[in-house]
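Asker: So here's target_0.txt, just compact mmCIF, C-alpha atoms:
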# COMPACT_ATOMS: atom_id res chain seq x y z
CA MET A 1 -81.80 10.58 13.86
CA THR A 2 -81.59 10.97 17.63
CA TRP A 3 -78.35 10.92 19.63
CA CYS A 4 -79.25 7.54 21.13
CA GLN A 5 -79.84 6.08 17.66
CA MET A 6 -76.48 7.42 16.47
CA ARG A 7 -74.69 5.86 19.45
CA PHE A 8 -76.52 2.57 18.86
CA ASN A 9 -75.53 2.48 15.19
CA ALA A 10 -71.93 3.34 16.09
CA GLY A 11 -71.92 0.48 18.59
CA ILE A 12 -73.20 -1.92 15.93
CA ALA A 13 -70.42 -0.78 13.59
CA ASP A 14 -67.75 -1.33 16.25
CA THR A 15 -69.09 -4.80 16.99
CA GLY A 16 -69.19 -5.72 13.31
CA LEU A 17 -65.64 -4.52 12.72
CA LEU A 18 -64.24 -6.37 15.74
CA PHE A 19 -66.11 -9.57 14.85
CA ALA A 20 -64.97 -9.51 11.21
CA ALA A 21 -61.36 -8.64 12.10
CA THR A 22 -61.16 -11.43 14.68
CA ALA A 23 -62.69 -13.93 12.26
CA LEU A 24 -60.13 -12.96 9.60
CA LEU A 25 -57.10 -13.27 11.91
CA PRO A 26 -55.92 -16.50 10.23
CA ILE A 27 -56.34 -15.17 6.67
CA TYR A 28 -52.93 -14.24 5.28
CA ALA A 29 -53.76 -12.92 1.81
CA PHE A 30 -50.39 -11.19 1.37
CA GLY A 31 -46.75 -11.81 2.27
CA SER A 32 -45.63 -11.97 5.90
CA GLY A 33 -44.74 -8.59 7.35
CA GLY A 34 -47.35 -6.79 5.28
CA VAL A 35 -50.87 -5.60 6.02
CA GLN A 36 -53.39 -8.45 6.10
CA PRO A 37 -57.21 -8.13 5.86
CA ALA A 38 -57.60 -8.44 9.64
CA HIS A 39 -55.07 -5.64 10.21
CA ALA A 40 -57.02 -3.27 8.00
CA LEU A 41 -60.28 -3.96 9.84
CA PHE A 42 -58.59 -3.74 13.24
CA ALA A 43 -57.13 -0.36 12.24
CA ILE A 44 -60.58 1.02 11.36
CA PHE A 45 -61.99 -0.43 14.58
CA ALA A 46 -59.17 1.07 16.65
CA LEU A 47 -59.54 4.51 15.11
CA THR A 48 -63.31 4.62 15.58
CA VAL A 49 -63.20 3.42 19.18
CA SER A 50 -60.30 5.74 20.02
CA ALA A 51 -62.20 8.67 18.49
CA LYS A 52 -65.23 7.92 20.67
CA TYR A 53 -63.56 7.07 23.97
CA GLY A 54 -59.99 8.29 23.68
CA ILE A 55 -56.98 6.28 24.84
CA ALA A 56 -57.63 3.99 27.81
CA ASN A 57 -56.26 5.45 31.01
CA LYS A 58 -54.24 2.45 32.21
CA PRO A 59 -50.56 2.44 33.23
CA TRP A 60 -49.67 -0.61 31.10
CA ILE A 61 -51.22 1.00 28.01
CA PHE A 62 -49.20 4.15 28.67
CA LEU A 63 -46.07 1.97 28.86
CA VAL A 64 -46.89 0.42 25.46
CA LEU A 65 -47.07 3.99 24.15
CA CYS A 66 -43.69 4.71 25.75
CA LEU A 67 -42.19 1.62 24.08
CA PHE A 68 -43.57 2.71 20.71
CA THR A 69 -42.27 6.26 21.18
CA TYR A 70 -38.83 5.06 22.22
CA ALA A 71 -38.68 2.63 19.29
CA PHE A 72 -39.61 5.44 16.90
CA PHE A 73 -36.79 7.69 18.09
CA ARG A 74 -34.29 4.82 18.24
CA GLU A 75 -34.96 3.60 14.71
CA GLY A 76 -35.22 7.23 13.57
CA ALA A 77 -31.71 7.90 14.86
CA TYR A 78 -30.38 5.02 12.76
CA ILE A 79 -32.17 6.31 9.67
CA LEU A 80 -30.76 9.81 10.17
CA GLY A 81 -27.35 8.13 10.35
CA GLY A 82 -27.87 6.53 6.93
CA GLY A 83 -30.00 3.51 7.83
CA ASN A 84 -32.71 2.03 5.64
CA PRO A 85 -36.14 3.65 6.26
CA LYS A 86 -37.92 0.34 5.55
CA TYR A 87 -37.18 -0.80 9.11
CA LEU A 88 -39.64 1.79 10.41
CA ILE A 89 -42.27 -0.84 9.59
CA ASN A 90 -41.46 -2.48 12.94
CA VAL A 91 -42.15 0.82 14.70
CA ALA A 92 -45.37 1.31 12.75
CA TYR A 93 -46.49 -2.12 13.91
CA LEU A 94 -45.85 -1.17 17.54
CA GLY A 95 -47.90 1.98 17.03
CA PHE A 96 -50.70 -0.04 15.48
CA ASN A 97 -50.69 -2.47 18.39
CA PHE A 98 -50.76 0.40 20.88
CA LEU A 99 -54.01 1.65 19.34
CA LEU A 100 -55.30 -1.92 19.09
CA VAL A 101 -54.81 -2.82 22.77
CA SER A 102 -56.33 0.47 23.89
CA SER A 103 -59.42 0.12 21.70
CA VAL A 104 -59.97 -3.60 22.41
CA TYR A 105 -59.60 -2.89 26.13
CA GLN A 106 -62.19 -0.10 25.89
CA TYR A 107 -64.63 -2.25 23.94
CA VAL A 108 -64.33 -5.41 26.07
CA LEU A 109 -64.54 -3.37 29.27
CA ARG A 110 -67.96 -2.14 28.17
CA ASN A 111 -69.30 -5.11 26.22
CA GLY A 112 -67.55 -8.27 27.38
CA LEU A 113 -66.11 -11.08 25.25
CA ALA A 114 -69.13 -12.15 23.18
CA THR A 115 -67.92 -10.46 19.98
CA ILE A 116 -64.38 -11.79 20.24
CA SER A 117 -65.50 -15.31 21.17
CA SER A 118 -67.90 -15.40 18.19
CA GLY A 119 -65.17 -14.15 15.86
CA LEU A 120 -62.74 -16.75 17.19
CA ILE A 121 -65.20 -19.56 16.52
CA LEU A 122 -65.52 -18.47 12.89
CA SER A 123 -61.73 -18.10 12.57
CA VAL A 124 -61.25 -21.64 13.86
CA LEU A 125 -63.81 -22.98 11.41
CA ILE A 126 -61.93 -21.26 8.57
CA VAL A 127 -58.58 -22.75 9.64
CA VAL A 128 -59.93 -26.25 10.24
CA ALA A 129 -61.87 -26.32 6.96
CA THR A 130 -58.78 -25.20 5.05
CA ILE A 131 -56.52 -27.81 6.66
CA LEU A 132 -59.04 -30.59 6.04
CA THR A 133 -59.24 -29.51 2.40
CA GLN A 134 -55.45 -29.53 2.09
CA GLY A 135 -55.16 -32.92 3.76
CA ILE A 136 -53.19 -34.07 6.79
CA ASN A 137 -50.38 -36.61 6.91
CA LEU A 138 -48.06 -36.59 9.92
CA THR A 139 -46.32 -39.91 9.44
CA ALA A 140 -42.71 -40.16 8.32
CA GLY A 141 -42.23 -40.90 4.68
CA GLY A 142 -45.87 -40.46 3.81
CA GLU A 143 -46.89 -38.47 0.77
CA GLY A 144 -47.55 -34.90 1.80
CA ALA A 145 -45.88 -35.36 5.17
CA VAL A 146 -44.99 -31.70 5.45
CA ARG A 147 -45.76 -28.97 7.94
CA SER A 148 -49.25 -27.60 7.43
CA VAL A 149 -49.75 -23.85 7.17
CA GLY A 150 -53.54 -23.69 6.88
CA THR A 151 -54.51 -20.17 5.87
CA PHE A 152 -51.21 -18.72 7.13
CA ASN A 153 -47.95 -18.09 5.30
CA ASN A 154 -45.83 -20.47 7.40
CA PRO A 155 -46.38 -23.22 9.99
CA ASN A 156 -45.02 -21.20 12.92
CA GLN A 157 -47.82 -18.68 12.43
CA LEU A 158 -50.33 -21.54 12.63
CA GLY A 159 -48.56 -22.79 15.76
CA TYR A 160 -48.70 -19.41 17.48
CA PHE A 161 -52.37 -19.05 16.55
CA SER A 162 -52.99 -22.35 18.37
CA VAL A 163 -51.11 -21.10 21.44
CA CYS A 164 -53.10 -17.87 21.74
CA LEU A 165 -56.32 -19.72 20.87
CA LEU A 166 -55.75 -22.00 23.88
CA SER A 167 -55.45 -19.01 26.24
CA LEU A 168 -58.34 -17.07 24.67
CA THR A 169 -60.56 -20.15 24.92
CA TYR A 170 -59.63 -20.47 28.59
CA LEU A 171 -60.38 -16.76 29.12
CA CYS A 172 -63.83 -17.15 27.55
CA TYR A 173 -64.53 -20.19 29.74
CA LEU A 174 -63.11 -18.52 32.85
CA THR A 175 -65.46 -15.55 32.41
CA SER A 176 -68.48 -17.74 31.50
CA SER A 177 -68.57 -16.42 27.93
CA ILE A 178 -68.67 -20.05 26.74
CA ASN A 179 -69.56 -23.31 28.49
CA TYR A 180 -67.18 -26.18 29.29
CA ARG A 181 -68.16 -28.27 26.27
CA THR A 182 -67.41 -25.45 23.88
CA ALA A 183 -64.17 -24.74 25.72
CA LEU A 184 -63.18 -28.42 25.55
CA ILE A 185 -63.62 -28.37 21.78
CA GLY A 186 -61.48 -25.21 21.63
CA PHE A 187 -58.72 -26.80 23.73
CA CYS A 188 -58.67 -29.93 21.57
CA ILE A 189 -58.52 -27.89 18.37
CA SER A 190 -55.67 -25.80 19.82
CA ILE A 191 -53.69 -28.95 20.58
CA ALA A 192 -54.47 -30.44 17.17
CA LEU A 193 -53.40 -27.29 15.31
CA SER A 194 -50.10 -27.15 17.19
CA ILE A 195 -49.41 -30.79 16.30
CA ILE A 196 -50.38 -30.26 12.66
CA SER A 197 -48.11 -27.21 12.45
CA LEU A 198 -45.21 -29.29 13.84
CA SER A 199 -44.09 -26.20 15.73
CA LYS A 200 -42.02 -27.45 18.65
CA ALA A 201 -42.58 -24.26 20.64
CA ALA A 202 -46.36 -24.39 20.16
CA ILE A 203 -46.63 -28.10 20.98
CA ILE A 204 -44.59 -27.78 24.18
CA ALA A 205 -46.39 -24.61 25.31
CA ASN A 206 -49.84 -26.13 24.75
CA PHE A 207 -49.14 -29.54 26.24
CA LEU A 208 -47.52 -28.12 29.38
CA LEU A 209 -50.74 -26.23 30.14
CA LEU A 210 -53.19 -28.83 28.84
CA ILE A 211 -53.97 -30.54 32.15
CA VAL A 212 -54.50 -27.19 33.89
CA VAL A 213 -56.85 -25.68 31.31
CA LEU A 214 -58.89 -28.87 31.10
CA ILE A 215 -59.82 -28.82 34.81
CA PRO A 216 -63.57 -28.04 35.04
CA ARG A 217 -64.57 -25.06 37.17
CA ASN A 218 -67.37 -24.87 39.72
CA VAL A 219 -68.31 -28.55 39.56
CA SER A 220 -68.89 -31.17 42.22
CA PHE A 221 -66.20 -33.43 43.66
CA SER A 222 -67.66 -36.43 41.83
CA HIS A 223 -67.26 -34.63 38.50
CA ILE A 224 -63.63 -33.83 39.32
CA VAL A 225 -63.01 -37.50 40.18
CA LEU A 226 -64.62 -38.56 36.89
CA TRP A 227 -62.55 -36.01 34.99
CA GLY A 228 -59.38 -37.23 36.70
CA GLY A 229 -60.18 -40.82 35.78
CA VAL A 230 -60.65 -39.91 32.11
CA VAL A 231 -57.37 -37.95 32.05
CA ILE A 232 -55.40 -40.76 33.68
CA SER A 233 -56.92 -43.34 31.32
CA CYS A 234 -56.09 -41.27 28.23
CA GLY A 235 -52.58 -40.70 29.53
CA TYR A 236 -52.09 -44.42 30.14
CA ILE A 237 -53.29 -45.30 26.63
CA LEU A 238 -50.92 -42.76 25.04
CA LEU A 239 -48.01 -43.99 27.17
CA GLN A 240 -48.62 -47.60 26.16
CA ALA A 241 -48.87 -46.60 22.51
CA PHE A 242 -45.55 -44.78 22.79
CA LEU A 243 -43.77 -47.64 24.57
CA SER A 244 -45.08 -50.21 22.11
CA GLY A 245 -43.69 -48.27 19.16
CA ALA A 246 -47.11 -47.54 17.67
CA MET A 247 -46.22 -43.85 17.50
CA ASP A 248 -42.71 -44.21 16.05
CA ASP A 249 -43.71 -42.99 12.59
CA LEU A 250 -45.17 -39.72 13.84
CA ILE A 251 -43.08 -36.77 12.66
CA VAL A 252 -44.14 -34.71 15.68
CA LEU A 253 -42.42 -37.13 18.07
CA ASP A 254 -39.32 -37.21 15.91
CA ARG A 255 -39.09 -33.40 15.97
CA LEU A 256 -39.56 -33.21 19.72
CA MET A 257 -37.11 -35.98 20.58
CA ASN A 258 -34.38 -34.71 18.28
CA MET A 259 -34.69 -30.97 18.78
CA GLY A 260 -31.59 -30.90 21.00
CA GLY A 261 -29.46 -31.83 18.02
CA GLU A 262 -30.97 -29.31 15.61
CA SER A 263 -28.76 -26.38 14.66
CA ASP A 264 -31.62 -23.86 14.74
CA SER A 265 -32.77 -24.73 18.27
CA SER A 266 -29.91 -23.10 20.20
CA LEU A 267 -30.22 -19.68 21.79
CA LYS A 268 -27.28 -18.46 19.72
CA SER A 269 -28.93 -19.43 16.43
CA ARG A 270 -32.09 -17.67 17.60
CA GLY A 271 -30.11 -14.43 17.91
CA TYR A 272 -30.14 -14.07 21.69
CA PHE A 273 -26.52 -12.91 21.91
CA ALA A 274 -26.35 -10.45 19.00
CA VAL A 275 -25.70 -7.52 21.32
CA LEU A 276 -22.74 -9.17 23.06
CA GLY A 277 -19.47 -7.56 22.11
CA GLU A 278 -21.13 -4.30 21.04
CA SER A 279 -20.63 -0.95 22.73
CA GLU A 280 -22.11 -0.09 26.13
CA ALA A 281 -24.31 2.53 24.49
CA GLU A 282 -25.80 -0.10 22.17
CA VAL A 283 -26.46 -2.40 25.09
CA ILE A 284 -28.39 0.42 26.76
CA PHE A 285 -30.19 1.80 23.69
CA GLY A 286 -30.27 -1.27 21.43
CA LEU A 287 -28.79 -2.23 18.08
CA GLY A 288 -31.80 -1.33 15.96
CA SER A 289 -33.57 -3.64 13.50
CA GLU A 290 -31.21 -3.16 10.56
CA LYS A 291 -28.03 -3.94 12.50
CA ILE A 292 -29.65 -7.04 14.01
CA ILE A 293 -30.36 -8.35 10.51
CA GLY A 294 -26.75 -7.65 9.56
CA ILE A 295 -25.37 -9.58 12.55
CA VAL A 296 -27.80 -12.50 12.84
CA GLY A 297 -29.12 -12.70 9.29
CA HIS A 298 -32.73 -12.63 10.50
CA GLU A 299 -34.79 -11.15 13.29
CA VAL A 300 -34.16 -12.39 16.84
CA HIS A 301 -36.48 -15.36 17.36
CA SER A 302 -37.56 -14.47 20.88
CA THR A 303 -40.10 -12.08 22.37
CA PHE A 304 -37.94 -10.53 25.09
CA GLY A 305 -34.68 -11.38 23.33
CA SER A 306 -35.78 -9.41 20.29
CA ILE A 307 -36.78 -6.36 22.34
CA PHE A 308 -33.51 -6.40 24.29
CA ASN A 309 -31.26 -6.73 21.26
CA VAL A 310 -33.15 -4.21 19.13
CA TYR A 311 -34.07 -1.64 21.79
CA GLY A 312 -31.59 -2.36 24.57
CA ILE A 313 -32.01 -2.16 28.32
CA ILE A 314 -34.46 0.72 27.99
CA GLY A 315 -36.72 -1.28 25.68
CA ILE A 316 -36.63 -4.45 27.76
CA LEU A 317 -37.42 -2.58 30.98
CA LEU A 318 -40.45 -0.93 29.36
CA SER A 319 -41.73 -4.24 27.99
CA LEU A 320 -41.14 -6.09 31.27
CA ALA A 321 -43.12 -3.38 33.06
CA VAL A 322 -46.03 -3.90 30.63
CA PHE A 323 -46.05 -7.67 31.15
CA THR A 324 -45.65 -7.32 34.92
CA LEU A 325 -48.67 -5.02 35.23
CA TRP A 326 -50.69 -7.28 32.96
CA SER A 327 -49.72 -10.34 35.01
CA PHE A 328 -50.58 -8.63 38.29
CA SER A 329 -54.04 -7.62 37.03
CA ILE A 330 -54.78 -11.22 35.98
CA TRP A 331 -53.48 -12.68 39.25
CA ARG A 332 -55.43 -10.21 41.37
CA ALA A 333 -58.72 -10.78 39.51
CA PHE A 334 -58.60 -14.50 38.71
CA GLY A 335 -55.80 -16.12 40.72
CA LEU A 336 -52.60 -18.01 40.03
CA THR A 337 -54.10 -20.77 37.87
CA ALA A 338 -55.63 -18.26 35.48
CA LEU A 339 -52.36 -16.32 35.38
CA VAL A 340 -50.49 -19.44 34.28
CA CYS A 341 -53.10 -20.39 31.65
CA LEU A 342 -53.57 -16.93 30.18
CA ILE A 343 -49.96 -15.80 30.08
CA GLY A 344 -47.95 -19.02 30.20
CA PRO A 345 -48.46 -20.39 26.64
CA ALA A 346 -47.55 -17.15 24.86
CA MET A 347 -44.53 -16.59 27.12
CA LEU A 348 -43.28 -20.15 26.60
CA TYR A 349 -43.67 -19.78 22.85
CA GLY A 350 -41.85 -16.46 23.07
CA ILE A 351 -38.66 -18.16 24.28
CA THR A 352 -37.86 -19.26 20.71
CA HIS A 353 -40.12 -17.00 18.60
CA ASN A 354 -40.99 -13.31 18.52
CA GLY A 355 -44.60 -13.36 19.64
CA ILE A 356 -45.35 -9.63 19.90
CA ARG A 357 -45.61 -9.24 16.12
CA PHE A 358 -48.96 -11.05 15.98
CA SER A 359 -52.23 -9.20 16.55
CA ILE A 360 -53.85 -12.18 18.28
CA PHE A 361 -51.38 -11.83 21.15
CA TRP A 362 -52.36 -8.20 21.68
CA ILE A 363 -56.04 -9.21 21.53
CA LEU A 364 -55.33 -11.72 24.31
CA LEU A 365 -53.52 -9.11 26.39
CA ALA A 366 -56.16 -6.39 26.02
CA SER A 367 -59.23 -8.62 26.42
CA SER A 368 -57.88 -10.46 29.48
CA ALA A 369 -56.90 -7.16 31.13
CA ALA A 370 -60.35 -5.75 30.40
CA MET A 371 -62.13 -8.79 31.85
CA ALA A 372 -59.92 -8.54 34.92
CA ALA A 373 -60.98 -4.89 35.29
CA ARG A 374 -64.66 -5.85 34.87
CA LYS A 375 -64.28 -8.27 37.75
CA GLY A 376 -62.52 -5.75 39.98
CA PRO A 377 -64.10 -3.31 42.40
CA GLN A 378 -63.35 -0.33 40.15
CA ARG A 379 -65.35 -1.64 37.19
CA LYS A 380 -68.25 0.84 37.33
CA HIS A 381 -65.93 3.75 38.04
CA GLU A 382 -63.65 2.89 35.10
CA ILE A 383 -66.49 2.48 32.65
CA SER A 384 -68.07 5.76 33.70
CA GLN A 385 -64.76 7.61 33.40
CA ASN A 386 -63.97 6.42 29.83
What does this structure look like when you write it as C-alpha cells?

Answerer:
Amino acid sequence: MTWCQMRFNAGIADTGLLFAATALLPIYAFGSGGVQPAHALFAIFALTVSAKYGIANKPWIFLVLCLFTYAFFREGAYILGGGNPKYLINVAYLGFNFLLVSSVYQYVLRNGLATISSGLILSVLIVVATILTQGINLTAGGEGAVRSVGTFNNPNQLGYFSVCLLSLTYLCYLTSSINYRTALIGFCISIALSIISLSKAAIIANFLLLIVVLIPRNVSFSHIVLWGGVVISCGYILLQAFLSGAMDDLIVLDRLMNMGGESDSSLKSRGYFAVLGESEAEVIFGLGSEKIIGIVGHEVHSTFGSIFNVYGIIGILLSLAVFTLWSFSIWRAFGLTALVCLIGPAMLYGITHNGIRFSIFWILLASSAAMAARKGPQRKHEISQN
C-alpha cells in the first residue's frame, strides 16, 4: 500500500468517525454524566486526528488547555485535602473537550462542514422520529402533557440540542454548506424541538434569534420584501391567536408567562452566589465541584456562573478569554449578524444552564472557528503549517 493510499484510508476513517459521532449526539444510552456512544466515537476521532496533525496552534485552543490544566490542579488540591476523587470527572470532561475542539478544528479547516452537516441531518431525523413515536401533547390537562425528552435523558438536554442546532444550521447556511430551503427546515425543527422540550431557556434563546437567522442571504430586494411580508403575516396570525385566547391551553405559554414566580428561576436558586461569603482565596481559586454541591445541592446552572464558582477568578478569566477570541474570529470573518447568530443562542441558554458540558457546543465552537479561519487571508498558510 502506497503512502497516498494510507493517507486516503486514514482520511476516510476520520470522516466516518466524525459523521457517526455527530449523528449519535442525541443518543443517550446511559445515565447523564457518563460516557455516551457519541463521546466514545469522538474520543477515537480526536486521538487519531491529534496523532496525525498534533494540537492546533491557536491561542484560544491553548487557553482551553490552560483551563483544563488549572481545573486539574484545583480539583486535585481538594482531593489531596480529603475530597472525593469522583469529582475529577468534571476535569476529565474538560480534557476530552480540549482534544475534541482541537481535532474538529483541524478536520474542518481542511475539509469543511460537509461531514458535520450530514451527521447533523441524521441526528435530527433520529430525534424527530423518536418524538413522533412517543407522541406530542402540549396542551394543559391533556393525557401525556409532559416535557418530551426524545432520545435524551431529560428535556433540558433536548432544549440545548435545539439551541446549538439552530446555530450550526446557520453556520452551514452561512458558509454555503447547505441551501436556504434546507436551512429553513433546520431552523423550524430547532424551534419545534425547543417548544416540545418546554425548556424556557431554549425557547427564549431560539425565538430571540429567529428573525435574524431566517433572513435570506445574497438575494434580490424583491425576495427580501416577499420574505418580510411572510414574516409579518405569520406574526400577525400568531398575535391574533394569542389575543383571542386560542393559545391559552398551551403549556409552553403558561411556563413562559409564569416563570417569574417559579422558585427555580432565580439566580440564587441557580447557584450564582455560592461563592459569596467564602474566603478571598476561594473567590480567586474557586470552591471546587464538591464544595459547590455541598452549598447549593446541585451544580451551578450557568455557564460562566459555574466556572466562576468552581474555579474562581482565574477560571472565569481563562474562559472569558476563550470566548472573546472565538467571538472576535467570527466577527472578523463573517460580521456582526453572524456573531449574534452563532454565539448568541448558546450564551443566552448559558445564563440559566451550564452549557459547556455538552459536546455539541464544543462542535459549534470548533467548526465555526475553523470556517472563520478558512475564510481569512491566512487559510492556506494555516493548513500548510498543520

Asker: Go ahead and compute the interatomic distance for atom CA of Arg74 of chain A and atom CA of Ile292 of chain A, in Å to one decimal.

Answerer: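 Spanning atom CA of Arg74 of chain A to atom CA of Ile292 of chain A is a straight-line distance of 13.4 Å.
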
Asker: Let me make sure I understand: among A:Tyr311, A:Trp331, A:Phe323, A:Tyr272, which one has the smallest atom-to-atom distance to Phe72 of chain A if we use all atoms listed in the file?

Answerer: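 Among the listed residues, A:Tyr311 lies closest to Phe72 of chain A.
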
Asker: For a test of reading the model, state the distance in Å between atom CA of Trp60 of chain A and atom CA of Gly286 of chain A, rounded to one decimal.

Answerer: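 Pair atom CA of Trp60 of chain A / atom CA of Gly286 of chain A returns 21.7 Å.
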
Asker: For Arg181 of chain A, which residue among A:Lys200, A:Arg217, A:His301, A:Arg110 is the nearest when counting all atoms listed in the file?

Answerer: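 With all atoms listed in the file as the atom set, the closest residue is A:Arg217.
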
Asker: For Leu88 of chain A, list every protein, DNA or RNA residue within 8 Å, evaluated using only C-alpha atoms, and leave out those in the same chain fewer than 2 positions away; present the list as a list in words.

Answerer: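 Everything that qualifies: Phe72, Glu75, Gly76, Pro85, Lys86, Asn90, Val91 and Ala92 of chain A.
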
Asker: Counting only C-alpha atoms, note down every residue that has an atom within 8 Å of the point (-55.5, -0.3, 33.0) (file coordinates), as a list in words.

Answerer: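 Protein, DNA and RNA residues close to (-55.5, -0.3, 33.0): Ala56, Asn57, Lys58, Pro59, Trp60, Ile61, Ala369, Ala370 and Ala373 of chain A.
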
Asker: For Gly344 of chain A, which residue out of A:Ser367, A:Thr303, A:Ser279, A:Ser167 is the nearest one, using only C-alpha atoms?

Answerer: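 Among the listed residues, the smallest separation from Gly344 of chain A belongs to A:Ser167.
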
Asker: Between atom CA of Leu125 of chain A and atom CA of Leu94 of chain A, measure the distance and give it in Å to one decimal.

Answerer: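 Result for atom CA of Leu125 of chain A versus atom CA of Leu94 of chain A: 28.9 Å, one decimal.
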
Asker: Show me the residues around (-67.2, -13.4, 19.2) - criterion: an atom at most 12 Å away, only C-alpha atoms counted - as a VMD selection string.

Answerer: chain A and resid 15 to 24 108 111 to 124 168 to 169 172 177 to 178 367

Asker: Write out, as a short mmCIF file (atom, residue, chain, number, x, y, z; two decimals), keeping the file's coordinate frame, the residues just selected, with C-alpha atoms.

Answerer:
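What ended up in selection22.cif:
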data_model
loop_
_atom_site.label_atom_id
_atom_site.label_comp_id
_atom_site.auth_asym_id
_atom_site.auth_seq_id
_atom_site.Cartn_x
_atom_site.Cartn_y
_atom_site.Cartn_z
CA THR A 15 -69.09 -4.80 16.99
CA GLY A 16 -69.19 -5.72 13.31
CA LEU A 17 -65.64 -4.52 12.72
CA LEU A 18 -64.24 -6.37 15.74
CA PHE A 19 -66.11 -9.57 14.85
CA ALA A 20 -64.97 -9.51 11.21
CA ALA A 21 -61.36 -8.64 12.10
CA THR A 22 -61.16 -11.43 14.68
CA ALA A 23 -62.69 -13.93 12.26
CA LEU A 24 -60.13 -12.96 9.60
CA VAL A 108 -64.33 -5.41 26.07
CA ASN A 111 -69.30 -5.11 26.22
CA GLY A 112 -67.55 -8.27 27.38
CA LEU A 113 -66.11 -11.08 25.25
CA ALA A 114 -69.13 -12.15 23.18
CA THR A 115 -67.92 -10.46 19.98
CA ILE A 116 -64.38 -11.79 20.24
CA SER A 117 -65.50 -15.31 21.17
CA SER A 118 -67.90 -15.40 18.19
CA GLY A 119 -65.17 -14.15 15.86
CA LEU A 120 -62.74 -16.75 17.19
CA ILE A 121 -65.20 -19.56 16.52
CA LEU A 122 -65.52 -18.47 12.89
CA SER A 123 -61.73 -18.10 12.57
CA VAL A 124 -61.25 -21.64 13.86
CA LEU A 168 -58.34 -17.07 24.67
CA THR A 169 -60.56 -20.15 24.92
CA CYS A 172 -63.83 -17.15 27.55
CA SER A 177 -68.57 -16.42 27.93
CA ILE A 178 -68.67 -20.05 26.74
CA SER A 367 -59.23 -8.62 26.42
#
